[in-house]
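Structure record follows, encoded as C-alpha cells.
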Amino acid sequence: MITRSRISLATLAVAGTLTLALAGCSSAASSTDSAAADSEGGYAVDSETLVFGVVPDSVDTETNYQPLMDYIAQETGKTVEYHESTDYAALIEASIAGQIDVASFSGFTYVTATNNGAELTPISSIITAEGQEPGYYSEAIVPSGSDITSIEDMKGKKVCFVDPSSTSGYLFPSYNLIEAGIDPEADITPVFAGKHDVSVQKVGEGVECEAGFAEDSEVAKSDKVEVIERTMVPGAPIVESNTLPDDVKEKLRDILSEVTADDIVAAGIDSADSDGFRSVFYATTPVDDEYYDQIRDICEATDAAQCQK
C-alpha cells in the first residue's frame with residue numbers, strides 16, 4: 001500500500017476535470033442578501049440562536065455532532081440549531097447567503113465557499129486520536145478479493161466518488177487518478193454516492209462500483225472492502241461566520257480552538273462519553289486559513305469550476 005502525503009501538481013496543469021458548477025451561487029447569494037441583512041446582529045437567525053451547518057458525510061452525521069452542539073449551546077447560552085444540507089453545494093450556498101453561524105466543513109468545501117463570497121474563518125480541526133496532526137486520509141478502495149490492486153488498474157472501471165465538492169471523496173481522488181494517467185471523466189465511469197458510507201457500501205457490493213474512494217473513518221467500518229492506496233488531506237475545519245458579534249466569535253474560538261472529549265464530558269455533556277462520539281472526536285487543534293493553501297494550489301492547477309471566484 002502506497003501512502004502519498006503530498007501529491008506533485010506538475011501533472012495537473014492540463015487537467016480541467018472537476019465539474020461541479022457553482023455558477024448559481026452568486027445569484028443565490030444576491031437573492032438572499034436582503035434576508036441575511038435583516039437577521040439580528042449578523043446572526044443567521046437571531047441573537048438567541050446559532051445555526052450549526054455540516055456536510056452530509058454519513059447517515060450518522062447528526063448523532064456524531066450532537067455532543068459538540070450540546071457543548072456549544074451550554075457554553076454560549078444559545079440554542080444550537082442543526083443544519084444538514086442535502087449536499088455539499090447546498091451547504092456552500094447556505095454559507096454564502098449568511099444562513100450558517102458555525103459549521104464543520106471539508107477543506108475543499110471551505111475553500112469553495114470562501115472563494116464564492118462566504119464570510120468564514122477557520123477555528124480548528126477535529127482530530128480523532130491523541131498526538132494526531134490535523135488531517136485524515138482519502139482512501140482508494142476495492143471490494144475484498146478484487147483484481148484491482150492500484151489506482152492505475154481503475155482505468156475503464158466504474159468508480160465511486162462521494163460528491164464533487166468532497167475533499168477526500170473527489171478532489172484528491174481526482175488528481176491522484178490524473179497523476180496515474182487516468183482522466184476522471186473519460187477513462188472511468190464515475191458514480192457519485194452522496195455520502196462516504198454509501199460510497200464504501202457500493203464498492204463493497206461491487207455492482208454499481210468496482211472501485212472507489214472515501215474517508216478513512218468510514219472505510220474502517222467495513223469488512224467488505226480493501227484499501228489499495230491512501231492520501232493524507234488537510235483536516236476539515238470548524239468555521240465561524242465573520243458577521244457574528246465580536247464577543248460571540250471570541251467565545252467560539254475560546255471553546256472550540258483546543259477542546260478534548262474529556263473537557264466536554266467534564267463540562268457536563270454526558271453524551272460525549274460514548275464510544276460513538278469518541279471514535280470521531282478526540283480533540284480539536286487550531287488551524288488557520290493558510291493551512292488550506294494546498295487545496296488552493298490544486299484548484300489553481302486544475303482550474304476547477306468550483307474553485308473560481
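Ligands are numbered from 1 in the order shown, residues from 1 within each chain, and chains are lettered A, B, ... in the order they appear in the C-alpha cells.
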Exercise. Please, which residues of range 159-282 of chain A, numbered as in this document, come out strand (DSSP E or B) from DSSP, as a PyMOL selection string?
Worked result: chain A and resi 159-161+189-192+211-215+225-233+237-241+260
Problem set entry | Selection: 10 Å around range 215-225 of chain A, only C-alpha atoms, excl. self and same-chain fewer than 6 positions, as a PyMOL selection string | chain A and resi 57-58+128+136-146+162+166-169+195-206+231-233+279-280
Problem set entry | range 91-136 of chain A: residues DSSP assigns to alpha helix (DSSP H), reported as a ChimeraX atom specification | /A:91-96,107-115
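Of the listed residues (A:Asp247, A:Asp297, A:Glu210, A:Glu75), A:Asp297 comes nearest to Tyr175 in chain A; the distances count only C-alpha atoms.
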Problem set entry | Exercise: His83 in chain A partners within 9 Å, only C-alpha atoms, chain neighbours under 5 positions left out, as a ChimeraX atom specification | /A:51-54,91,100,103
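Non-sequential neighbours of Thr243 in chain A (distance at most 8 Å, separation of 4 or more positions within a chain, only C-alpha atoms) are Gly41, Gly42, Tyr43 and Glu119 of chain A.
Take CA of Asp70 in chain A and CA of Ile96 in chain A: the distance between them is 25.1 Å.
Rounded to one decimal, CA of Arg278 in chain A and CA of Lys251 in chain A lie 23.7 Å from each other.
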For this session: For CA of Ser150 in chain A and CA of Glu300 in chain A, quote the distance in Å rounded to one decimal.
Result: 26.8 Å
For this session: Would you please work out which residue, of A:Asp46, A:Glu81, A:Glu208, A:Glu152, is nearest to Glu179 in chain A when using only C-alpha atoms?
Result: A:Glu152
Exercise. Leaving out Ile72 in chain A and any residue of its chain fewer than 3 positions from it, which residues lie within 12 Å of it when counting only C-alpha atoms, given as a PyMOL selection string?
Worked result: chain A and resi 49-52+65-69+75-82+101-103+248+251-256+259+264+267-269
How would the residues just chosen look if you wrote them out with C-alpha atoms as a PDB file, in the first residue's frame?
```
ATOM      1  CA  THR A  49     -29.661  31.001  18.061  1.00  0.00           C
ATOM      2  CA  LEU A  50     -26.522  29.618  16.432  1.00  0.00           C
ATOM      3  CA  VAL A  51     -27.070  27.630  13.234  1.00  0.00           C
ATOM      4  CA  PHE A  52     -24.587  24.763  13.032  1.00  0.00           C
ATOM      5  CA  TYR A  65     -22.102  16.094  16.139  1.00  0.00           C
ATOM      6  CA  GLN A  66     -24.809  16.227  18.819  1.00  0.00           C
ATOM      7  CA  PRO A  67     -22.461  16.254  21.856  1.00  0.00           C
ATOM      8  CA  LEU A  68     -20.418  19.055  20.297  1.00  0.00           C
ATOM      9  CA  MET A  69     -23.564  21.059  19.555  1.00  0.00           C
ATOM     10  CA  GLU A  75     -21.039  27.364  26.824  1.00  0.00           C
ATOM     11  CA  THR A  76     -22.645  30.156  24.788  1.00  0.00           C
ATOM     12  CA  GLY A  77     -26.095  30.082  26.369  1.00  0.00           C
ATOM     13  CA  LYS A  78     -27.695  29.939  22.940  1.00  0.00           C
ATOM     14  CA  THR A  79     -29.889  27.435  21.150  1.00  0.00           C
ATOM     15  CA  VAL A  80     -27.861  25.498  18.574  1.00  0.00           C
ATOM     16  CA  GLU A  81     -29.883  24.627  15.509  1.00  0.00           C
ATOM     17  CA  TYR A  82     -28.652  21.690  13.437  1.00  0.00           C
ATOM     18  CA  ASP A 101     -23.188  30.727  12.058  1.00  0.00           C
ATOM     19  CA  VAL A 102     -20.858  27.820  12.866  1.00  0.00           C
ATOM     20  CA  ALA A 103     -20.046  24.837  10.685  1.00  0.00           C
ATOM     21  CA  VAL A 248     -19.578  35.664  20.188  1.00  0.00           C
ATOM     22  CA  LYS A 251     -16.306  32.863  22.747  1.00  0.00           C
ATOM     23  CA  LEU A 252     -16.498  30.297  19.934  1.00  0.00           C
ATOM     24  CA  ARG A 253     -12.737  30.467  19.406  1.00  0.00           C
ATOM     25  CA  ASP A 254     -12.221  30.101  23.138  1.00  0.00           C
ATOM     26  CA  ILE A 255     -14.354  26.960  23.451  1.00  0.00           C
ATOM     27  CA  LEU A 256     -13.562  25.308  20.117  1.00  0.00           C
ATOM     28  CA  VAL A 259     -11.049  21.201  23.487  1.00  0.00           C
ATOM     29  CA  ILE A 264     -16.707  18.255  27.001  1.00  0.00           C
ATOM     30  CA  ALA A 267     -18.462  20.356  31.254  1.00  0.00           C
ATOM     31  CA  GLY A 268     -21.481  18.141  31.890  1.00  0.00           C
ATOM     32  CA  ILE A 269     -22.213  16.832  28.386  1.00  0.00           C
TER      33      ILE A 269
END
```
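Minimum distance to Asp163 in chain A across A:Glu240, A:Glu93, A:Glu258, A:Asp87 (counting only C-alpha atoms) occurs at A:Asp87.
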Seminar exercise, completed: One residue among A:Ala94, A:Val239, A:Ile151, A:Val111 is nearest to Ser174 in chain A when using only C-alpha atoms, and that residue is A:Ile151
